[in-house]
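Reproduced below: entry_9.pdb, with PDB, C-alpha atoms and all ligand atoms.
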ATOM      1  CA  MET P   1      73.099 114.790  85.805
ATOM      2  CA  ILE P   2      71.973 111.288  84.902
ATOM      3  CA  GLU P   3      69.930 109.991  87.821
ATOM      4  CA  GLU P   4      71.968 106.780  88.193
ATOM      5  CA  LEU P   5      75.239 108.701  88.389
ATOM      6  CA  GLU P   6      73.792 111.046  90.952
ATOM      7  CA  LYS P   7      72.736 108.066  93.051
ATOM      8  CA  ALA P   8      76.198 106.455  92.746
ATOM      9  CA  SER P   9      77.746 109.763  93.790
ATOM     10  CA  LYS P  10      75.541 110.004  96.897
ATOM     11  CA  ILE P  11      76.323 106.395  97.856
ATOM     12  CA  ALA P  12      80.057 106.999  97.351
ATOM     13  CA  ARG P  13      80.017 109.914  99.795
ATOM     14  CA  ASP P  14      78.174 107.909 102.432
ATOM     15  CA  VAL P  15      80.433 104.891 101.947
ATOM     16  CA  TYR P  16      83.522 107.093 102.224
ATOM     17  CA  ASN P  17      82.449 108.278 105.671
ATOM     18  CA  TYR P  18      81.452 104.789 106.756
ATOM     19  CA  SER P  19      84.710 103.234 105.526
ATOM     20  CA  LYS P  20      86.834 105.560 107.667
ATOM     21  CA  SER P  21      85.146 104.238 110.803
ATOM     22  CA  LEU P  22      86.414 100.722 109.977
ATOM     23  CA  LEU P  23      90.136 101.523 109.855
ATOM     24  CA  LYS P  24      91.020 100.488 113.385
ATOM     25  CA  PRO P  25      94.233  98.651 114.267
ATOM     26  CA  ASP P  26      93.931  94.876 114.659
ATOM     27  CA  THR P  27      91.018  94.565 112.253
ATOM     28  CA  TYR P  28      91.000  91.864 109.565
ATOM     29  CA  LEU P  29      91.296  93.347 106.079
ATOM     30  CA  ILE P  30      88.665  90.947 104.812
ATOM     31  CA  GLU P  31      86.226  92.299 107.381
ATOM     32  CA  ILE P  32      86.899  95.885 106.250
ATOM     33  CA  ALA P  33      86.488  95.011 102.565
ATOM     34  CA  GLU P  34      83.309  93.004 103.048
ATOM     35  CA  LYS P  35      81.673  95.592 105.294
ATOM     36  CA  ILE P  36      82.333  98.316 102.727
ATOM     37  CA  GLU P  37      80.980  96.161  99.904
ATOM     38  CA  GLU P  38      77.882  95.266 101.945
ATOM     39  CA  LYS P  39      77.298  98.932 102.750
ATOM     40  CA  ILE P  40      77.336  99.834  99.050
ATOM     41  CA  ILE P  41      74.673  97.198  98.415
ATOM     42  CA  ASP P  42      72.601  98.261 101.452
ATOM     43  CA  LEU P  43      72.530 101.787 100.062
ATOM     44  CA  GLY P  44      71.207 100.576  96.712
ATOM     45  CA  GLY P  45      74.386 100.398  94.625
ATOM     46  CA  PHE P  46      76.887  97.718  93.595
ATOM     47  CA  PRO P  47      80.654  97.621  94.059
ATOM     48  CA  ALA P  48      82.162  98.585  90.687
ATOM     49  CA  PHE P  49      85.195  96.463  91.663
ATOM     50  CA  PRO P  50      86.342  94.622  94.790
ATOM     51  CA  VAL P  51      87.389  97.052  97.533
ATOM     52  CA  ASN P  52      91.167  97.508  97.255
ATOM     53  CA  LEU P  53      93.069  97.769 100.538
ATOM     54  CA  SER P  54      96.684  98.301  99.554
ATOM     55  CA  ILE P  55      99.142  98.751 102.398
ATOM     56  CA  ASN P  56     102.557 100.509 102.533
ATOM     57  CA  GLU P  57     104.621  99.680  99.405
ATOM     58  CA  ILE P  58     101.609  98.062  97.725
ATOM     59  CA  ALA P  59     100.177 100.750  95.467
ATOM     60  CA  ALA P  60      97.055  99.061  94.129
ATOM     61  CA  HIS P  61      95.029  95.938  93.372
ATOM     62  CA  TYR P  62      95.162  94.195  96.731
ATOM     63  CA  THR P  63      91.843  92.779  97.810
ATOM     64  CA  PRO P  64      91.688  90.150 100.545
ATOM     65  CA  ASP P  65      91.270  86.644  99.165
ATOM     66  CA  ILE P  66      88.911  84.072 100.594
ATOM     67  CA  ASN P  67      91.068  82.887 103.529
ATOM     68  CA  ASP P  68      93.048  86.099 103.976
ATOM     69  CA  ARG P  69      94.073  86.569 107.628
ATOM     70  CA  SER P  70      95.933  89.880 107.150
ATOM     71  CA  ILE P  71      95.341  92.458 109.821
ATOM     72  CA  LEU P  72      95.533  96.229 109.714
ATOM     73  CA  LYS P  73      98.356  97.307 112.009
ATOM     74  CA  GLU P  74      99.248 100.505 113.774
ATOM     75  CA  GLY P  75     101.494 102.627 111.534
ATOM     76  CA  ASP P  76     100.255 101.027 108.299
ATOM     77  CA  LEU P  77      99.775 103.359 105.372
ATOM     78  CA  ILE P  78      96.574 102.059 103.809
ATOM     79  CA  LYS P  79      95.057 103.074 100.492
ATOM     80  CA  VAL P  80      91.316 102.417 100.434
ATOM     81  CA  ASP P  81      90.071 102.369  96.834
ATOM     82  CA  ILE P  82      86.332 102.008  96.325
ATOM     83  CA  GLY P  83      84.066 101.834  93.290
ATOM     84  CA  VAL P  84      80.302 102.267  93.315
ATOM     85  CA  HIS P  85      78.021 101.749  90.363
ATOM     86  CA  VAL P  86      74.328 102.133  89.759
ATOM     87  CA  ASP P  87      73.197 100.451  86.572
ATOM     88  CA  GLY P  88      76.734 100.712  85.178
ATOM     89  CA  TYR P  89      77.284 104.376  86.074
ATOM     90  CA  ILE P  90      80.524 104.299  88.047
ATOM     91  CA  VAL P  91      82.116 106.500  90.699
ATOM     92  CA  ASP P  92      85.716 105.571  91.592
ATOM     93  CA  PHE P  93      87.531 107.101  94.576
ATOM     94  CA  ALA P  94      90.382 106.448  96.990
ATOM     95  CA  TYR P  95      92.121 107.910  99.995
ATOM     96  CA  THR P  96      95.121 107.163 102.171
ATOM     97  CA  TYR P  97      95.120 106.784 105.928
ATOM     98  CA  GLU P  98      98.030 106.267 108.300
ATOM     99  CA  VAL P  99      96.756 104.075 111.111
ATOM    100  CA  ASN P 100      97.146 105.866 114.464
ATOM    101  CA  ASP P 101     100.310 107.632 113.320
ATOM    102  CA  ASN P 102     101.517 110.660 111.379
ATOM    103  CA  LYS P 103     105.115 109.788 110.451
ATOM    104  CA  TYR P 104     104.202 109.995 106.766
ATOM    105  CA  GLU P 105     101.801 112.900 106.979
ATOM    106  CA  ASP P 106     103.711 114.751 104.227
ATOM    107  CA  LEU P 107     103.596 111.798 101.878
ATOM    108  CA  VAL P 108      99.832 111.577 102.401
ATOM    109  CA  LEU P 109      99.485 115.319 101.851
ATOM    110  CA  ALA P 110     101.516 115.186  98.636
ATOM    111  CA  SER P 111      98.978 113.093  96.715
ATOM    112  CA  LYS P 112      96.034 114.802  98.406
ATOM    113  CA  GLU P 113      97.289 118.258  97.467
ATOM    114  CA  ALA P 114      98.023 117.088  93.920
ATOM    115  CA  LEU P 115      94.400 116.028  93.516
ATOM    116  CA  LYS P 116      93.236 119.345  95.004
ATOM    117  CA  ARG P 117      95.358 121.231  92.489
ATOM    118  CA  VAL P 118      93.940 119.200  89.600
ATOM    119  CA  LYS P 119      90.451 119.992  90.833
ATOM    120  CA  THR P 120      91.195 123.706  90.389
ATOM    121  CA  ILE P 121      92.345 123.341  86.758
ATOM    122  CA  ILE P 122      90.464 120.430  85.242
ATOM    123  CA  ARG P 123      87.869 121.391  82.655
ATOM    124  CA  LYS P 124      86.714 120.489  79.166
ATOM    125  CA  ASP P 125      89.513 120.905  76.556
ATOM    126  CA  ILE P 126      92.409 120.916  79.039
ATOM    127  CA  GLU P 127      95.416 118.949  77.756
ATOM    128  CA  LEU P 128      96.328 115.707  79.511
ATOM    129  CA  GLY P 129      99.991 116.758  79.803
ATOM    130  CA  ILE P 130      98.989 119.846  81.762
ATOM    131  CA  ILE P 131      97.112 117.786  84.320
ATOM    132  CA  GLY P 132     100.121 115.467  84.638
ATOM    133  CA  LYS P 133     102.444 118.415  85.069
ATOM    134  CA  GLU P 134     100.335 119.798  87.917
ATOM    135  CA  VAL P 135     100.384 116.412  89.672
ATOM    136  CA  GLU P 136     104.122 115.938  89.224
ATOM    137  CA  GLU P 137     105.082 119.447  90.325
ATOM    138  CA  THR P 138     102.866 119.365  93.392
ATOM    139  CA  ILE P 139     104.214 116.006  94.554
ATOM    140  CA  LYS P 140     107.818 117.061  93.931
ATOM    141  CA  LYS P 141     107.304 120.185  96.041
ATOM    142  CA  TYR P 142     106.791 117.833  98.960
ATOM    143  CA  GLY P 143     110.036 116.066  98.101
ATOM    144  CA  TYR P 144     108.426 112.917  96.692
ATOM    145  CA  LYS P 145     107.917 111.317  93.309
ATOM    146  CA  PRO P 146     104.712 110.592  91.467
ATOM    147  CA  ILE P 147     104.266 107.035  90.274
ATOM    148  CA  TYR P 148     105.048 107.371  86.598
ATOM    149  CA  ASN P 149     103.486 104.126  85.435
ATOM    150  CA  LEU P 150     100.089 104.544  87.090
ATOM    151  CA  THR P 151      97.372 106.767  85.652
ATOM    152  CA  GLY P 152      93.869 108.042  86.068
ATOM    153  CA  HIS P 153      91.351 107.129  83.404
ATOM    154  CA  LYS P 154      88.176 107.917  81.581
ATOM    155  CA  ILE P 155      85.103 105.988  82.727
ATOM    156  CA  GLU P 156      82.242 104.833  80.575
ATOM    157  CA  ARG P 157      79.110 102.884  81.373
ATOM    158  CA  TYR P 158      80.151  99.453  82.707
ATOM    159  CA  LEU P 159      83.717 100.281  81.677
ATOM    160  CA  LEU P 160      86.075 101.306  84.474
ATOM    161  CA  HIS P 161      89.129 102.000  82.328
ATOM    162  CA  ALA P 162      88.049 103.596  79.081
ATOM    163  CA  SER P 163      90.489 104.633  76.362
ATOM    164  CA  ILE P 164      91.926 107.837  77.869
ATOM    165  CA  ASN P 165      94.633 107.712  80.566
ATOM    166  CA  ILE P 166      95.416 110.684  82.779
ATOM    167  CA  PRO P 167      99.156 110.798  83.511
ATOM    168  CA  ASN P 168     100.699 111.590  86.885
ATOM    169  CA  TYR P 169     103.569 113.486  85.229
ATOM    170  CA  ASP P 170     104.073 115.781  82.267
ATOM    171  CA  ASN P 171     104.139 113.299  79.396
ATOM    172  CA  GLY P 172     103.739 116.080  76.849
ATOM    173  CA  SER P 173     100.328 114.861  75.717
ATOM    174  CA  GLN P 174      98.308 117.550  73.983
ATOM    175  CA  THR P 175      95.217 115.353  73.872
ATOM    176  CA  LYS P 176      92.303 117.360  75.179
ATOM    177  CA  ILE P 177      89.714 116.164  77.636
ATOM    178  CA  SER P 178      86.259 115.930  76.121
ATOM    179  CA  GLU P 179      82.965 115.800  77.990
ATOM    180  CA  GLY P 180      82.575 112.702  80.110
ATOM    181  CA  ILE P 181      83.494 111.050  83.383
ATOM    182  CA  TYR P 182      87.120 110.937  84.535
ATOM    183  CA  ALA P 183      88.896 109.433  87.552
ATOM    184  CA  VAL P 184      92.023 111.342  88.566
ATOM    185  CA  GLU P 185      94.358 109.505  90.931
ATOM    186  CA  PRO P 186      97.722 110.951  91.907
ATOM    187  CA  PHE P 187     100.078 108.497  93.603
ATOM    188  CA  ALA P 188     103.089 109.768  95.589
ATOM    189  CA  THR P 189     106.028 107.719  96.851
ATOM    190  CA  ASN P 190     109.304 108.035  98.715
ATOM    191  CA  GLY P 191     110.640 105.302  96.413
ATOM    192  CA  ILE P 192     111.823 105.516  92.799
ATOM    193  CA  GLY P 193     108.387 106.207  91.319
ATOM    194  CA  PHE P 194     107.526 103.007  89.504
ATOM    195  CA  VAL P 195     105.367 100.013  90.308
ATOM    196  CA  LYS P 196     105.904  96.423  89.261
ATOM    197  CA  ASP P 197     103.779  93.272  89.429
ATOM    198  CA  CYS P 198     104.176  91.504  92.736
ATOM    199  CA  GLY P 199     101.713  88.671  92.832
ATOM    200  CA  SER P 200      98.333  87.542  91.673
ATOM    201  CA  SER P 201      95.467  89.603  93.008
ATOM    202  CA  LYS P 202      92.622  87.130  92.421
ATOM    203  CA  ILE P 203      90.849  90.065  90.803
ATOM    204  CA  TYR P 204      89.652  89.388  87.263
ATOM    205  CA  SER P 205      87.518  90.864  84.569
ATOM    206  CA  VAL P 206      85.844  89.508  81.480
ATOM    207  CA  VAL P 207      87.603  90.807  78.379
ATOM    208  CA  ASN P 208      86.086  88.563  75.729
ATOM    209  CA  TYR P 209      82.600  87.224  76.333
ATOM    210  CA  LYS P 210      82.351  84.338  73.905
ATOM    211  CA  PRO P 211      80.645  80.960  73.653
ATOM    212  CA  LEU P 212      82.668  78.114  75.189
ATOM    213  CA  ARG P 213      82.724  74.407  74.392
ATOM    214  CA  ASN P 214      82.944  73.397  78.048
ATOM    215  CA  LEU P 215      79.331  73.648  79.228
ATOM    216  CA  ASN P 216      80.132  73.952  82.896
ATOM    217  CA  ALA P 217      82.539  76.827  82.270
ATOM    218  CA  ARG P 218      80.026  78.393  79.936
ATOM    219  CA  LYS P 219      77.342  78.382  82.613
ATOM    220  CA  ILE P 220      79.691  79.997  85.133
ATOM    221  CA  LEU P 221      80.833  82.590  82.601
ATOM    222  CA  ASP P 222      77.225  83.481  81.730
ATOM    223  CA  ASN P 223      76.531  84.026  85.410
ATOM    224  CA  ILE P 224      79.645  86.146  85.874
ATOM    225  CA  TYR P 225      78.922  88.222  82.786
ATOM    226  CA  ASN P 226      75.285  88.789  83.696
ATOM    227  CA  LYS P 227      76.312  90.029  87.100
ATOM    228  CA  TYR P 228      79.533  91.971  86.447
ATOM    229  CA  LYS P 229      79.664  92.588  82.685
ATOM    230  CA  TYR P 230      83.227  93.866  82.015
ATOM    231  CA  LEU P 231      83.742  95.173  85.557
ATOM    232  CA  PRO P 232      86.389  93.638  87.838
ATOM    233  CA  PHE P 233      85.343  90.929  90.292
ATOM    234  CA  CYS P 234      87.347  88.687  92.617
ATOM    235  CA  LYS P 235      87.641  85.083  93.648
ATOM    236  CA  ARG P 236      86.108  85.959  97.018
ATOM    237  CA  TRP P 237      82.906  87.000  95.213
ATOM    238  CA  ILE P 238      82.895  83.901  93.014
ATOM    239  CA  TYR P 239      83.114  81.662  96.073
ATOM    240  CA  ARG P 240      80.129  83.506  97.499
ATOM    241  CA  ASP P 241      78.148  83.369  94.221
ATOM    242  CA  PHE P 242      78.813  79.658  93.572
ATOM    243  CA  LYS P 243      78.937  78.170  97.063
ATOM    244  CA  ASP P 244      78.277  74.590  95.980
ATOM    245  CA  LEU P 245      80.954  74.399  93.300
ATOM    246  CA  ASN P 246      84.162  72.557  94.157
ATOM    247  CA  ASN P 247      86.092  73.229  90.948
ATOM    248  CA  ILE P 248      85.978  77.020  90.884
ATOM    249  CA  ASP P 249      89.764  77.389  90.685
ATOM    250  CA  LEU P 250      89.941  75.031  87.702
ATOM    251  CA  ILE P 251      87.214  76.920  85.890
ATOM    252  CA  ILE P 252      88.830  80.299  86.526
ATOM    253  CA  ASN P 253      92.137  78.965  85.192
ATOM    254  CA  TYR P 254      90.353  77.566  82.138
ATOM    255  CA  LEU P 255      88.679  80.945  81.489
ATOM    256  CA  ILE P 256      92.049  82.698  81.739
ATOM    257  CA  LYS P 257      93.603  80.166  79.350
ATOM    258  CA  GLU P 258      90.754  80.755  76.896
ATOM    259  CA  LYS P 259      91.495  84.517  77.134
ATOM    260  CA  VAL P 260      87.977  85.170  78.348
ATOM    261  CA  LEU P 261      89.228  86.560  81.656
ATOM    262  CA  ILE P 262      92.310  88.531  82.574
ATOM    263  CA  GLU P 263      93.761  88.566  86.057
ATOM    264  CA  TYR P 264      95.074  91.813  87.536
ATOM    265  CA  LYS P 265      98.449  91.804  89.269
ATOM    266  CA  ILE P 266      99.103  93.302  92.681
ATOM    267  CA  LEU P 267     101.211  96.418  92.073
ATOM    268  CA  CYS P 268     104.102  97.267  94.418
ATOM    269  CA  GLU P 269     106.541 100.151  94.393
ATOM    270  CA  GLN P 270     109.708  98.799  92.734
ATOM    271  CA  SER P 271     112.096  99.993  95.442
ATOM    272  CA  LYS P 272     109.624  99.149  98.249
ATOM    273  CA  GLY P 273     108.921 102.836  98.765
ATOM    274  CA  LEU P 274     105.779 103.768 100.636
ATOM    275  CA  VAL P 275     102.865 104.905  98.486
ATOM    276  CA  SER P 276      99.998 107.330  99.044
ATOM    277  CA  GLN P 277      97.031 107.887  96.739
ATOM    278  CA  PHE P 278      93.959 110.075  96.494
ATOM    279  CA  GLU P 279      91.326 109.693  93.816
ATOM    280  CA  THR P 280      88.045 111.197  92.854
ATOM    281  CA  THR P 281      85.724 111.099  89.870
ATOM    282  CA  PHE P 282      84.855 114.228  87.918
ATOM    283  CA  LEU P 283      81.895 114.765  85.648
ATOM    284  CA  ILE P 284      83.082 117.121  82.929
ATOM    285  CA  ASN P 285      80.674 118.965  80.677
ATOM    286  CA  ASN P 286      80.427 122.717  80.390
ATOM    287  CA  GLY P 287      81.296 122.768  84.073
ATOM    288  CA  VAL P 288      83.098 120.390  86.421
ATOM    289  CA  LYS P 289      81.529 118.350  89.191
ATOM    290  CA  ASP P 290      83.516 116.408  91.788
ATOM    291  CA  LEU P 291      81.276 113.386  92.415
ATOM    292  CA  VAL P 292      82.786 112.402  95.773
ATOM    293  CA  GLU P 293      84.345 115.520  97.320
ATOM    294  CA  ILE P 294      86.755 113.784  99.654
ATOM    295  CA  ILE P 295      89.272 116.580  99.121
TER     296      ILE P 295
HETATM  297 MN    MN P 301      90.137 103.619  92.185
HETATM  298 MN    MN P 302      90.637 104.612  89.204
END
If you took the structure in this file and wrote it as structure tokens, what would it be?
Ligand code: MN
Ligand code: MN
Amino acid sequence: MIEELEKASKIARDVYNYSKSLLKPDTYLIEIAEKIEEKIIDLGGFPAFPVNLSINEIAAHYTPDINDRSILKEGDLIKVDIGVHVDGYIVDFAYTYEVNDNKYEDLVLASKEALKRVKTIIRKDIELGIIGKEVEETIKKYGYKPIYNLTGHKIERYLLHASINIPNYDNGSQTKISEGIYAVEPFATNGIGFVKDCGSSKIYSVVNYKPLRNLNARKILDNIYNKYKYLPFCKRWIYRDFKDLNNIDLIINYLIKEKVLIEYKILCEQSKGLVSQFETTFLINNGVKDLVEII
């Protein structure tokens, strides 16, 4: 295995164990996110994206913003989604935890078991539809629905979502998996099985790195690009990186208007159903390696 990927994999495993120790009731989400991100850096990696802490009907893309005062509460169903990269080699993983409760144990198990099942069948040349079918059938056995409009994805160097999507249902795709790195992420819900946008996440990524007329914006963009390339970053990080700037919001808006940045939306289950998720990253060549082994 490439040395950098091996290092990211080792860090991911350590960070997974560390992150679980932070999920105590009455803790600020921002504290959890920042401690996880700091740990990744302490261990010699970088966050591949801001730590996502999505609670209950929020399926994905929630990271605490700069003045976020949200607190983790008893009974919350939290999805912790973490990315680690070393020199652009990314490991992406997630798990669900019900804070001091087990009312939704089955819902948590549904997505966990789906990922376990995929782990037993995934290999080079398997069709995408077959993976989706396994996810869908496993989740339905528990009496829940997969989230139809969320997918896993191929990963490339400095590119979190490469061209191939891995469905969470049987979409009939006969496209075969080639060698490479893939994140598989089954989502299960007791709702209708679809997510919709429900607010701005303050998570962005550069999609078009181009010269800008506005010199101030250009300087900021150069800094962002040098540090994050095309990987997602958040406003919280920009405030930390550019402490002495007072027009950060204006510049971010300008960069979005210029189509240099895109902003991700927070994704919520459409019928406010609760959502569970498990995710790991597989290295596929002639064999299969689970780079995190949380399941
Ligand atoms: Mn993820
Ligand atoms: Mn992912």
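Minimum atom-to-atom distance to Thr151 in chain P, evaluated using all atoms listed in the file, belongs to P:Glu136 out of P:Pro232, P:Ile238, P:Glu136, P:Pro25.
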Which residues of chain P have any atom within 7 Å of an atom in ligand MN 301 (chain P) when counting only C-alpha atoms and all ligand atoms, and what is the closest pair of atoms for each, with the distance in Å to one decimal? Order the rows by chain and rising number and write it as a tab-separated table.
residue	atom	partner	partner_atom	distance
P:Asp81	CA	P:MN301	MN	4.8
P:Ile82	CA	P:MN301	MN	5.8
P:Gly83	CA	P:MN301	MN	6.4
P:Asp92	CA	P:MN301	MN	4.9
P:Phe93	CA	P:MN301	MN	5.0
P:Ala94	CA	P:MN301	MN	5.6
P:Glu279	CA	P:MN301	MN	6.4
Taking the file as shown, what set of residues would the PyMOL selection byres (((chain P and resi 259) around 10) and not hetatm) give back, as a VMD selection string? chain P and resid 206 to 210 253 to 258 260 to 262
Please give me, as a VMD selection string, the residues lying within 12 Å of ligand MN 302 (chain P) when counting all atoms listed in the file. chain P and resid 48 to 49 51 to 52 60 to 61 80 to 84 90 to 95 150 to 155 159 to 162 164 to 167 181 to 187 232 277 to 282
Between CA of Lys235 in chain P and CA of Leu22 in chain P, what is the spacing in Å? 22.6 Å
List the spatial neighbours of range 26-30 of chain P as a PyMOL selection string - criterion: any atom at most 12 Å away, all atoms listed in the file, same-chain residues fewer than 6 positions off excluded. chain P and resi 19+36-38+50-55+62-76+78-80+99-100+236-237
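The residue set within 12 Å of Gln270 in chain P, counting all atoms listed in the file and dropping same-chain residues fewer than 5 places from it, reads Glu57, Ile58, Ala59, Ile147, Tyr148, Asn149, Thr189, Asn190, Gly191, Ile192, Gly193, Phe194, Val195, Lys196, Asp197, Cys198 and Val275 of chain P.
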Any idea what's packed within 9 Å of range 170-177 of chain P, counting only C-alpha atoms, ignoring anything in its chain fewer than 5 positions away? Could you give it as a PyMOL selection string? chain P and resi 122-137+164+284
Centre, edges in Å (one decimal): axis-aligned box, range 155-174 of chain P, 6 Å padding on all six sides, as lines of an AutoDock Vina configuration file:
center_x = 91.6
center_y = 108.5
center_z = 80.4
size_x = 37.0
size_y = 30.1
size_z = 24.9
For Tyr158 in chain P, the nearest of the candidates P:Gly287, P:Gly180, P:Gly88, P:Gly199, counting all atoms listed in the file: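 Closest to Tyr158 in chain P, using all atoms listed in the file: P:Gly88.
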